[in-house]
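K.L.:
Following this line is entry-v4.csv, made up of CSV, C-alpha atoms and all ligand atoms:
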chain,number,residue,atom,x,y,z
A,1,MET,CA,53.4,33.4,-29.2
A,2,ILE,CA,50.7,32.9,-26.5
A,3,SER,CA,50.8,35.8,-24.1
A,4,PRO,CA,51.5,34.6,-20.5
A,5,MET,CA,48.2,36.4,-19.6
A,6,ALA,CA,46.3,34.1,-21.8
A,7,THR,CA,46.9,31.2,-19.5
A,8,LEU,CA,45.1,32.8,-16.5
A,9,TRP,CA,42.3,30.3,-16.5
A,10,GLN,CA,44.6,27.3,-17.0
A,11,ASP,CA,47.0,28.4,-14.2
A,12,LEU,CA,44.5,29.1,-11.4
A,13,PRO,CA,44.6,26.3,-8.8
A,14,ARG,CA,41.6,24.0,-8.8
A,15,PRO,CA,38.9,24.3,-7.6
A,16,ILE,CA,38.6,27.9,-8.6
A,17,PHE,CA,36.4,29.8,-6.2
A,18,THR,CA,35.3,33.3,-7.2
A,19,LEU,CA,33.0,36.1,-6.2
A,20,ALA,CA,30.3,36.8,-8.8
A,21,PRO,CA,30.1,40.2,-10.4
A,22,MET,CA,27.2,42.1,-8.8
A,23,GLU,CA,26.2,45.6,-9.8
A,24,ASP,CA,26.3,48.1,-6.9
A,25,VAL,CA,27.7,45.4,-4.6
A,26,THR,CA,31.1,44.1,-5.8
A,27,ASP,CA,32.8,47.4,-6.3
A,28,THR,CA,36.6,47.8,-5.7
A,29,VAL,CA,35.9,48.3,-2.0
A,30,PHE,CA,33.9,45.1,-1.4
A,31,ARG,CA,36.1,43.0,-3.6
A,32,ARG,CA,39.1,44.0,-1.6
A,33,LEU,CA,37.3,43.5,1.7
A,34,VAL,CA,36.0,40.0,0.8
A,35,ARG,CA,39.5,38.9,-0.1
A,36,SER,CA,41.2,40.6,2.8
A,37,TRP,CA,38.7,39.1,5.3
A,38,ALA,CA,39.5,35.7,3.9
A,39,HIS,CA,43.3,36.2,4.1
A,40,ARG,CA,42.9,37.6,7.7
A,41,TRP,CA,41.5,34.2,8.7
A,42,GLY,CA,44.2,32.3,6.9
A,43,ALA,CA,42.0,31.3,3.9
A,44,ARG,CA,42.9,31.4,0.3
A,45,GLY,CA,40.1,33.7,-0.7
A,46,PRO,CA,38.6,34.1,-4.1
A,47,SER,CA,41.4,33.4,-6.6
A,48,VAL,CA,40.1,35.7,-9.3
A,49,LEU,CA,37.8,38.7,-9.1
A,50,PHE,CA,35.4,40.4,-11.6
A,51,THR,CA,34.2,44.0,-11.9
A,52,GLU,CA,30.6,44.9,-12.0
A,53,PHE,CA,29.3,44.8,-15.6
A,54,THR,CA,30.6,47.8,-17.5
A,55,ARG,CA,29.2,49.2,-20.7
A,56,ILE,CA,31.8,48.8,-23.5
A,57,ASP,CA,31.8,52.5,-24.3
A,58,SER,CA,32.6,53.4,-20.7
A,59,ALA,CA,35.6,51.0,-20.9
A,60,ILE,CA,36.8,52.8,-24.1
A,61,ARG,CA,36.7,56.2,-22.3
A,62,SER,CA,38.6,54.9,-19.3
A,63,THR,CA,42.2,56.1,-18.7
A,64,PRO,CA,44.5,55.2,-15.8
A,65,GLU,CA,44.1,58.7,-14.4
A,66,LYS,CA,40.3,58.7,-14.9
A,67,PRO,CA,38.9,55.2,-15.0
A,68,ASP,CA,35.1,54.6,-15.2
A,69,GLY,CA,33.9,54.0,-11.6
A,70,ARG,CA,33.3,50.3,-12.3
A,71,LEU,CA,36.9,50.0,-13.5
A,72,ARG,CA,38.4,51.5,-10.3
A,73,SER,CA,40.6,48.9,-8.8
A,74,SER,CA,43.7,48.2,-6.6
A,75,PRO,CA,46.6,45.8,-6.9
A,76,GLU,CA,45.0,43.7,-4.0
A,77,GLU,CA,42.3,42.6,-6.4
A,78,ASP,CA,44.7,41.0,-8.9
A,79,PRO,CA,43.9,39.0,-11.0
A,80,LEU,CA,40.9,41.1,-11.8
A,81,VAL,CA,38.7,40.5,-14.9
A,82,VAL,CA,36.7,43.3,-16.4
A,83,GLN,CA,33.1,42.3,-17.3
A,84,ILE,CA,31.8,44.2,-20.4
A,85,TRP,CA,28.4,44.4,-22.2
A,86,GLY,CA,27.2,45.8,-25.4
A,87,THR,CA,26.5,44.8,-29.0
A,88,ASN,CA,28.9,46.7,-31.2
A,89,PRO,CA,31.9,44.6,-32.4
A,90,ALA,CA,34.0,47.7,-33.3
A,91,GLU,CA,33.5,49.0,-29.8
A,92,PHE,CA,34.4,45.6,-28.3
A,93,GLU,CA,37.7,45.6,-30.3
A,94,GLU,CA,38.6,49.1,-29.1
A,95,GLY,CA,37.4,48.4,-25.6
A,96,ALA,CA,39.4,45.2,-25.3
A,97,ALA,CA,42.6,47.1,-26.3
A,98,ALA,CA,41.8,49.8,-23.7
A,99,ILE,CA,41.2,47.1,-21.0
A,100,GLU,CA,44.5,45.5,-21.7
A,101,ALA,CA,46.3,48.8,-21.7
A,102,LEU,CA,44.8,49.5,-18.2
A,103,GLY,CA,46.5,46.3,-16.9
A,104,PHE,CA,43.5,44.0,-16.2
A,105,ALA,CA,43.9,40.2,-16.2
A,106,GLY,CA,41.1,39.3,-18.5
A,107,ILE,CA,37.8,40.2,-20.3
A,108,ASP,CA,34.5,38.6,-19.5
A,109,ILE,CA,31.6,39.2,-21.9
A,110,ASN,CA,28.2,39.3,-20.2
A,111,MET,CA,25.8,37.1,-22.2
A,112,GLY,CA,23.6,36.3,-19.2
A,113,CYS,CA,22.0,39.4,-17.7
A,114,PRO,CA,18.2,38.8,-18.0
A,115,ALA,CA,17.1,42.4,-17.2
A,116,TRP,CA,14.9,43.9,-19.9
A,117,LYS,CA,16.6,47.2,-20.0
A,118,VAL,CA,19.7,45.4,-21.5
A,119,ARG,CA,18.0,42.6,-23.3
A,120,LYS,CA,15.9,44.9,-25.4
A,121,SER,CA,19.1,46.4,-26.9
A,122,GLY,CA,20.1,42.9,-28.0
A,123,ALA,CA,22.9,42.7,-25.4
A,124,CYS,CA,23.6,40.3,-22.6
A,125,SER,CA,21.2,37.3,-22.4
A,126,ALA,CA,19.6,38.3,-25.7
A,127,LEU,CA,22.9,37.2,-27.4
A,128,ILE,CA,21.9,33.6,-26.7
A,129,GLY,CA,19.4,34.1,-29.5
A,130,THR,CA,21.9,35.7,-31.9
A,131,PRO,CA,24.9,33.5,-32.0
A,132,PRO,CA,26.5,35.2,-35.1
A,133,LEU,CA,26.7,38.5,-33.1
A,134,ALA,CA,28.0,36.7,-30.0
A,135,ALA,CA,30.8,35.2,-32.1
A,136,GLU,CA,31.6,38.6,-33.6
A,137,LEU,CA,31.9,40.1,-30.2
A,138,ILE,CA,34.3,37.4,-29.0
A,139,ALA,CA,36.3,37.7,-32.2
A,140,ALA,CA,36.5,41.5,-31.8
A,141,CYS,CA,37.9,41.1,-28.3
A,142,ARG,CA,40.5,38.7,-29.6
A,143,ARG,CA,41.5,41.2,-32.3
A,144,GLY,CA,41.7,44.0,-29.8
A,145,SER,CA,43.8,42.3,-27.1
A,146,SER,CA,45.7,39.2,-26.1
A,147,LEU,CA,43.9,38.9,-22.8
A,148,PRO,CA,42.0,35.7,-21.9
A,149,ILE,CA,38.3,35.9,-22.9
A,150,SER,CA,35.5,34.4,-20.8
A,151,VAL,CA,31.8,34.4,-21.3
A,152,LYS,CA,29.3,34.5,-18.5
A,153,THR,CA,25.9,33.2,-19.6
A,154,ARG,CA,22.8,31.3,-18.8
A,155,THR,CA,21.6,28.0,-20.2
A,156,GLY,CA,19.0,29.5,-22.6
A,157,ILE,CA,16.5,32.2,-23.0
A,158,THR,CA,13.1,30.4,-22.5
A,159,PHE,CA,14.2,26.8,-22.1
A,160,PRO,CA,17.7,25.2,-21.6
A,161,GLU,CA,19.7,25.0,-24.8
A,162,THR,CA,22.9,24.1,-23.1
A,163,ASP,CA,24.0,21.7,-25.9
A,164,ARG,CA,23.6,24.1,-28.7
A,165,TRP,CA,24.7,27.3,-26.9
A,166,CYS,CA,27.7,26.0,-24.9
A,167,ARG,CA,29.0,24.0,-27.9
A,168,PHE,CA,28.8,27.2,-29.9
A,169,LEU,CA,30.6,29.3,-27.4
A,170,LEU,CA,33.3,26.7,-26.8
A,171,ASP,CA,33.8,26.5,-30.6
A,172,GLN,CA,34.7,30.2,-30.6
A,173,GLY,CA,37.8,29.3,-28.6
A,174,ILE,CA,36.9,31.1,-25.4
A,175,ASP,CA,39.2,30.5,-22.4
A,176,ALA,CA,36.5,30.1,-19.8
A,177,LEU,CA,32.7,29.5,-19.8
A,178,ILE,CA,30.9,30.7,-16.7
A,179,LEU,CA,27.4,29.1,-16.7
A,180,HIS,CA,24.5,30.2,-14.4
A,181,GLY,CA,22.2,27.2,-14.4
A,182,ARG,CA,19.0,29.1,-15.2
A,183,VAL,CA,17.4,30.4,-18.4
A,184,ALA,CA,17.0,34.1,-18.8
A,185,ASP,CA,13.2,34.1,-18.5
A,186,GLU,CA,13.5,32.5,-15.1
A,187,MET,CA,15.3,35.6,-13.8
A,188,TYR,CA,16.1,34.4,-10.2
A,189,GLN,CA,13.1,32.0,-9.7
A,190,GLY,CA,13.3,28.4,-8.9
A,191,TRP,CA,16.6,26.7,-8.6
A,192,ALA,CA,19.7,26.7,-10.7
A,193,ASP,CA,19.9,23.4,-12.6
A,194,TRP,CA,23.3,21.8,-12.0
A,195,ARG,CA,22.6,19.0,-14.5
A,196,GLU,CA,22.9,21.6,-17.2
A,197,ILE,CA,26.3,22.6,-15.8
A,198,ARG,CA,27.4,19.0,-15.8
A,199,ARG,CA,26.3,18.8,-19.4
A,200,ALA,CA,28.4,21.8,-20.3
A,201,VAL,CA,31.5,20.0,-18.8
A,202,GLU,CA,30.6,16.9,-20.9
A,203,ILE,CA,30.4,19.1,-24.0
A,204,ARG,CA,33.7,20.8,-23.2
A,205,ASP,CA,35.4,17.4,-22.7
A,206,ALA,CA,33.8,15.9,-25.9
A,207,LEU,CA,35.1,18.9,-27.9
A,208,GLY,CA,38.6,18.5,-26.4
A,209,SER,CA,38.4,22.2,-25.4
A,210,GLN,CA,40.9,23.5,-22.8
A,211,ALA,CA,38.4,26.1,-21.6
A,212,ALA,CA,37.7,26.2,-17.9
A,213,VAL,CA,34.0,25.7,-16.9
A,214,ILE,CA,32.8,27.6,-13.9
A,215,GLY,CA,29.4,26.8,-12.4
A,216,ASN,CA,27.2,29.4,-10.9
A,217,GLY,CA,23.8,29.6,-9.2
A,218,ASP,CA,22.5,29.2,-5.7
A,219,VAL,CA,25.7,28.1,-4.1
A,220,CYS,CA,25.7,29.3,-0.5
A,221,SER,CA,28.9,28.1,1.0
A,222,LEU,CA,32.4,26.8,0.1
A,223,ASP,CA,31.4,23.3,1.2
A,224,HIS,CA,28.4,23.4,-1.1
A,225,ALA,CA,30.7,24.7,-3.9
A,226,LEU,CA,33.1,21.8,-3.3
A,227,ARG,CA,30.3,19.2,-3.4
A,228,LEU,CA,29.1,20.7,-6.7
A,229,THR,CA,32.6,20.7,-8.1
A,230,GLU,CA,32.9,17.0,-7.3
A,231,GLN,CA,29.4,16.2,-8.7
A,232,THR,CA,29.7,18.1,-12.0
A,233,GLY,CA,33.4,18.1,-12.8
A,234,VAL,CA,33.5,21.9,-13.1
A,235,ASP,CA,36.9,23.7,-12.7
A,236,GLY,CA,35.4,26.1,-10.2
A,237,VAL,CA,32.4,27.8,-8.8
A,238,MET,CA,31.3,31.4,-8.8
A,239,ILE,CA,29.3,32.6,-5.7
A,240,GLY,CA,27.1,35.7,-5.7
A,241,ARG,CA,24.2,36.1,-3.3
A,242,GLY,CA,25.8,33.7,-0.8
A,243,ILE,CA,28.0,36.5,0.4
A,244,PHE,CA,24.9,38.4,1.5
A,245,PHE,CA,24.2,35.7,4.1
A,246,ASP,CA,27.8,35.2,5.1
A,247,PRO,CA,30.2,38.1,4.4
A,248,LEU,CA,33.0,35.8,5.7
A,249,LEU,CA,32.1,33.0,3.2
A,250,PHE,CA,35.5,33.0,1.6
A,251,ALA,CA,37.2,32.8,5.0
A,252,ARG,CA,35.8,29.4,5.7
A,253,ASP,CA,38.3,27.1,3.9
A,254,SER,CA,40.9,28.1,6.4
A,255,PRO,CA,42.5,25.6,8.9
A,256,THR,CA,41.2,28.1,11.6
A,257,PRO,CA,38.0,29.4,10.1
A,258,PRO,CA,35.8,32.1,11.9
A,259,PRO,CA,32.8,31.0,13.8
A,260,PRO,CA,29.6,30.9,11.7
A,261,TRP,CA,28.3,34.4,10.9
A,262,GLU,CA,25.3,34.1,13.2
A,263,ALA,CA,27.5,33.0,16.0
A,264,LEU,CA,29.6,36.1,15.9
A,265,SER,CA,28.6,38.8,18.4
A,266,LEU,CA,26.8,42.0,17.3
A,267,GLU,CA,30.0,43.8,18.2
A,268,GLU,CA,32.1,41.7,15.8
A,269,ARG,CA,29.6,41.8,12.9
A,270,SER,CA,29.1,45.5,13.2
A,271,GLY,CA,32.9,45.9,13.3
A,272,TYR,CA,33.0,44.4,9.8
A,273,LEU,CA,30.3,46.8,8.7
A,274,VAL,CA,32.1,49.8,10.1
A,275,GLU,CA,35.2,48.7,8.2
A,276,HIS,CA,33.1,48.4,5.0
A,277,ILE,CA,31.5,51.9,5.6
A,278,ARG,CA,34.9,53.5,6.3
A,279,ALA,CA,36.6,51.9,3.3
A,280,TYR,CA,33.6,52.9,1.0
A,281,HIS,CA,33.8,56.5,2.2
A,282,ARG,CA,37.6,56.6,1.7
A,283,GLU,CA,37.3,55.3,-1.8
A,284,TRP,CA,34.2,57.0,-3.2
A,285,GLN,CA,33.7,60.2,-1.1
A,286,GLU,CA,30.8,61.7,-3.0
A,287,LYS,CA,31.4,59.8,-6.2
A,288,ARG,CA,29.1,56.9,-5.3
A,289,SER,CA,26.0,57.4,-3.4
A,290,PHE,CA,25.9,56.3,0.3
A,291,GLU,CA,22.4,55.0,-0.5
A,292,VAL,CA,23.9,52.3,-2.7
A,293,LEU,CA,25.9,50.9,0.3
A,294,LYS,CA,22.9,51.2,2.7
A,295,LYS,CA,21.0,48.6,0.7
A,296,PHE,CA,23.5,46.0,2.0
A,297,PHE,CA,23.6,47.0,5.7
A,298,ARG,CA,21.1,44.3,6.5
A,299,ASN,CA,23.5,41.6,5.6
A,300,TYR,CA,25.5,42.4,8.7
A,301,PHE,CA,22.6,42.0,11.1
A,302,LEU,CA,20.6,38.9,12.2
A,303,PRO,CA,17.1,38.9,10.7
A,304,HIS,CA,15.5,37.3,13.7
A,305,SER,CA,16.9,39.6,16.4
A,306,ALA,CA,14.4,42.4,17.3
A,307,ARG,CA,17.2,44.4,18.9
A,308,GLU,CA,19.4,44.3,15.8
A,309,GLN,CA,16.5,45.0,13.4
A,310,ALA,CA,15.6,48.1,15.5
A,311,LEU,CA,19.3,49.2,15.3
A,312,LEU,CA,19.2,48.7,11.5
A,313,ARG,CA,16.1,50.9,11.2
A,314,GLN,CA,17.9,53.6,13.1
A,315,LEU,CA,20.9,53.2,10.9
A,316,TYR,CA,18.9,53.6,7.7
A,317,THR,CA,17.8,57.1,8.9
A,318,LEU,CA,21.4,58.4,9.0
A,319,GLY,CA,22.6,60.5,6.0
A,320,SER,CA,26.3,60.0,5.9
A,321,PRO,CA,28.9,57.3,6.3
A,322,GLN,CA,30.6,59.1,9.2
A,323,ALA,CA,27.3,59.3,11.1
A,324,ALA,CA,26.6,55.6,10.4
A,325,ALA,CA,30.0,54.5,11.5
A,326,ALA,CA,29.9,56.6,14.7
A,327,PHE,CA,26.4,55.3,15.5
A,328,LEU,CA,27.6,51.7,15.1
A,329,GLU,CA,30.7,52.3,17.2
A,330,GLU,CA,28.5,53.8,19.9
A,331,SER,CA,25.6,51.4,19.9
A,332,CYS,CA,27.4,48.2,19.2
A,333,GLN,CA,30.8,49.0,20.6
A,334,ALA,CA,32.0,48.2,17.1
A,335,ALA,CA,35.2,50.4,17.4
A,336,PRO,CA,37.9,48.0,16.2
A,337,ARG,CA,40.5,47.3,18.8
A,338,GLY,CA,43.6,47.7,16.7
A,339,GLN,CA,43.1,47.9,13.0
A,340,TRP,CA,41.2,44.7,12.7
A,341,GLY,CA,39.4,44.4,16.1
A,342,HIS,CA,40.2,41.5,18.3
A,343,HIS,CA,40.7,39.1,15.3
A,344,GLU,CA,44.2,40.5,15.1
A,345,ALA,CA,45.0,38.7,18.3
A,346,VAL,CA,43.7,35.4,16.8
A,347,HIS,CA,45.6,35.8,13.5
A,348,PRO,CA,48.5,38.1,14.1
B,401,LIG,C1,22.5,42.5,-7.0
B,401,LIG,C2,23.0,41.7,-8.1
B,401,LIG,C3,23.7,42.3,-9.2
B,401,LIG,C4,24.2,41.5,-10.2
B,401,LIG,N1,25.0,42.1,-11.2
B,401,LIG,C5,25.6,41.3,-12.1
B,401,LIG,C6,26.6,41.8,-13.0
B,401,LIG,O1,26.9,43.0,-13.0
B,401,LIG,N2,27.1,41.0,-14.0
B,401,LIG,C7,26.8,39.6,-14.0
B,401,LIG,O2,27.3,38.9,-14.9
B,401,LIG,N3,25.9,39.1,-13.2
B,401,LIG,C8,25.3,39.9,-12.2
B,401,LIG,N4,24.5,39.3,-11.3
B,401,LIG,C9,24.3,37.9,-11.3
B,401,LIG,C10,25.3,37.2,-10.5
B,401,LIG,O3,26.6,37.4,-10.9
B,401,LIG,C11,25.0,35.6,-10.4
B,401,LIG,O4,25.1,35.1,-11.7
B,401,LIG,C12,23.6,35.3,-9.9
B,401,LIG,O5,23.3,36.1,-8.7
B,401,LIG,C13,23.5,33.8,-9.6
B,401,LIG,O6,24.5,33.4,-8.7
B,401,LIG,P1,24.1,33.2,-7.1
B,401,LIG,O7,23.0,32.3,-7.0
B,401,LIG,O8,25.4,32.7,-6.5
B,401,LIG,O9,23.8,34.6,-6.6
B,401,LIG,C14,23.9,40.1,-10.3
B,401,LIG,C15,23.2,39.5,-9.2
B,401,LIG,C16,22.7,40.3,-8.2
B,401,LIG,C17,21.9,39.6,-7.1
In structure tokens, what does this structure look like?
P.N.:
Amino acid sequence: MISPMATLWQDLPRPIFTLAPMEDVTDTVFRRLVRSWAHRWGARGPSVLFTEFTRIDSAIRSTPEKPDGRLRSSPEEDPLVVQIWGTNPAEFEEGAAAIEALGFAGIDINMGCPAWKVRKSGACSALIGTPPLAAELIAACRRGSSLPISVKTRTGITFPETDRWCRFLLDQGIDALILHGRVADEMYQGWADWREIRRAVEIRDALGSQAAVIGNGDVCSLDHALRLTEQTGVDGVMIGRGIFFDPLLFARDSPTPPPPWEALSLEERSGYLVEHIRAYHREWQEKRSFEVLKKFFRNYFLPHSAREQALLRQLYTLGSPQAAAAFLEESCQAAPRGQWGHHEAVHP
């Protein structure tokens, strides 16, 4: 019998819009905030979420009482897919069972990260060059759990090999293929090639596979995501760095969307940052460094405003979340009026 969980990718309404896994960015706190900000403005929000990439041995050691930090989550993030990486099929089998026991909605295998530190171990994008091992890892997840399995990958290592590689992955019976339209050696240079993503859809259709194809790379808004869905036939789009330029990106398909990010007042934008800082502190206390969050402060300020950049420089000098939140409340009058600031009045 097919587990009801296994239909996750088929059941999600089209187009599927999702937030990309990003190490040190999309922790449980940010995932929750991105979705709740979208809901607050009356938008659907990302329909499925992904954890940051997690070493398979950390997944094995996780328990409900003591999950690995990357596997910390809350019910508001459902359905939440765990992204794993590694090279050992036995560990993948055990890890998949552990992830299912922890109650997650799916398993995504990272076959795309181009960083040398992981590639040199044969993991992530290096697997594009070792298909038999890639197949073993997928099969091991299947043996270990009945959860849907997706693979997030790139179009090749040095040059696009979309035909060979995507056909191979789809032949393994995966439930979803998430394709970043760059080769690994490009890292983040140039532009993602959406023709390769369209090619992956054609291959899926020619094979008669039921797998969902999700496109990824350089999408900066939901309008852009929609256009690319129409042009390529993908089932959905995964958006990563776009959220840095517009933290309310997923709120924009609402009948009453927020004003453009740069049209919001400093008070409003810093209100969102205060909310982020406070939620981060509540969740992590000392368990995740405040410095990790600091790297993303600049997303909340306008790059061309001298006043805001000066505030940002002062903010960087502060050593604790409490000090940063208090500074913002004082300097930008960011203290929310009511729990959600004045947006509460707009969307009760
Ligand atoms: C800071 C950062 C961290 C990332 N961490 C991960 C990760 O943990 N797992 C993963 O599959 N991809 C990771 N990526 C890649 C993104 O998921 C995405 O594939 C890539 O940024 C391209 O999409 P975009 O152009 O929408 O950003 C990361 C990207 C960035 C910028």
K.L.:
What is the CA of Asp185 in chain A to CA of Pro131 in chain A distance in Å?
P.N.:
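Computed distance, CA of Asp185 in chain A to CA of Pro131 in chain A, equals 17.9 Å.
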K.L.:
Go through the chains and note each residue within 8 Å of ligand LIG 401 (chain B), using all atoms listed in the file, then give the set as a PDB file with C-alpha atoms, in the coordinates of the input.
P.N.:
ATOM      1  CA  ALA A  20      30.300  36.800  -8.800  1.00  0.00           C
ATOM      2  CA  PRO A  21      30.100  40.200 -10.400  1.00  0.00           C
ATOM      3  CA  MET A  22      27.200  42.100  -8.800  1.00  0.00           C
ATOM      4  CA  GLU A  23      26.200  45.600  -9.800  1.00  0.00           C
ATOM      5  CA  ASP A  24      26.300  48.100  -6.900  1.00  0.00           C
ATOM      6  CA  VAL A  25      27.700  45.400  -4.600  1.00  0.00           C
ATOM      7  CA  THR A  51      34.200  44.000 -11.900  1.00  0.00           C
ATOM      8  CA  GLU A  52      30.600  44.900 -12.000  1.00  0.00           C
ATOM      9  CA  PHE A  53      29.300  44.800 -15.600  1.00  0.00           C
ATOM     10  CA  THR A  54      30.600  47.800 -17.500  1.00  0.00           C
ATOM     11  CA  GLN A  83      33.100  42.300 -17.300  1.00  0.00           C
ATOM     12  CA  ASN A 110      28.200  39.300 -20.200  1.00  0.00           C
ATOM     13  CA  MET A 111      25.800  37.100 -22.200  1.00  0.00           C
ATOM     14  CA  GLY A 112      23.600  36.300 -19.200  1.00  0.00           C
ATOM     15  CA  CYS A 113      22.000  39.400 -17.700  1.00  0.00           C
ATOM     16  CA  LYS A 152      29.300  34.500 -18.500  1.00  0.00           C
ATOM     17  CA  THR A 153      25.900  33.200 -19.600  1.00  0.00           C
ATOM     18  CA  HIS A 180      24.500  30.200 -14.400  1.00  0.00           C
ATOM     19  CA  TYR A 188      16.100  34.400 -10.200  1.00  0.00           C
ATOM     20  CA  ALA A 192      19.700  26.700 -10.700  1.00  0.00           C
ATOM     21  CA  ASN A 216      27.200  29.400 -10.900  1.00  0.00           C
ATOM     22  CA  GLY A 217      23.800  29.600  -9.200  1.00  0.00           C
ATOM     23  CA  ASP A 218      22.500  29.200  -5.700  1.00  0.00           C
ATOM     24  CA  VAL A 219      25.700  28.100  -4.100  1.00  0.00           C
ATOM     25  CA  CYS A 220      25.700  29.300  -0.500  1.00  0.00           C
ATOM     26  CA  MET A 238      31.300  31.400  -8.800  1.00  0.00           C
ATOM     27  CA  ILE A 239      29.300  32.600  -5.700  1.00  0.00           C
ATOM     28  CA  GLY A 240      27.100  35.700  -5.700  1.00  0.00           C
ATOM     29  CA  ARG A 241      24.200  36.100  -3.300  1.00  0.00           C
ATOM     30  CA  GLY A 242      25.800  33.700  -0.800  1.00  0.00           C
TER      31      GLY A 242
END
K.L.:
(29.9, 21.7, -23.7) in this file's frame - what residues fall within 10 Å of it? Use only C-alpha atoms and give the answer as a list in words.
P.N.:
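Every polymer residue passing the test: Thr162, Asp163, Arg164, Trp165, Cys166, Arg167, Phe168, Leu169, Leu170, Asp171, Leu177, Glu196, Ile197, Arg198, Arg199, Ala200, Val201, Glu202, Ile203, Arg204, Asp205, Ala206, Leu207, Gly208, Ser209, Ala211 and Val213 of chain A.
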K.L.:
Here is a test: counting all atoms listed in the file, which residue of A:Asp253, A:Phe30, A:Leu228, A:Arg35 is nearest to Ile277 in chain A?
P.N.:
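Answer, going by the shortest atom-to-atom distance: A:Phe30.
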K.L.:
Do you have the CA of Phe17 in chain A-CA of Phe250 in chain A distance handy?
P.N.:
8.5 Å
K.L.:
One decimal, in Å: what's the spacing between CA of Phe296 in chain A and CA of Leu312 in chain A?
P.N.:
10.8 Å
K.L.:
For range 297-301 of chain A, work out the shell of residues within 12 Å, counting all atoms listed in the file and skipping chain neighbours fewer than 6 positions away, then give it as a PyMOL selection string.
P.N.:
chain A and resi 25+241-248+261-277+290-291+307-316+321+324-325+328+332
K.L.:
Just the residues within 12 Å of Thr28 in chain A, please, counting all atoms listed in the file, with nothing from its chain fewer than 6 positions along; format it as a list in words.
P.N.:
Pro21, Met22, Val34, Arg35, Leu49, Phe50, Thr51, Glu52, Asp68, Gly69, Arg70, Leu71, Arg72, Ser73, Ser74, Pro75, Glu76, Glu77, Asp78, Leu80, Val81, Val82, His276, Ala279, Tyr280, Arg282, Glu283, Trp284 and Arg288 of chain A
K.L.:
Could you tell me which of A:Gln10, A:Ser146, A:Ser254, A:Thr26 comes closest to Arg40 in chain A if we count all atoms listed in the file?
P.N.:
A:Ser254
K.L.:
Closest to Gly95 in chain A among A:His224, A:Arg154, A:Arg44, A:Arg61, using all atoms listed in the file?
P.N.:
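The closest residue to Gly95 in chain A is A:Arg61.
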K.L.:
Compare A:Arg119, A:Ser36, A:Asp193, A:Pro260 by their minimum atom-to-atom distance to Thr232 in chain A, counting all atoms listed in the file, and give me the closest one.
P.N.:
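Answer, going by the shortest atom-to-atom distance: A:Asp193.
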K.L.:
Do you know which residues are at most 7 Å from Ser145 in chain A counting all atoms listed in the file, after dropping those on the same chain fewer than 6 positions away, and could you put them as a PyMOL selection string?
P.N.:
chain A and resi 96-97+100
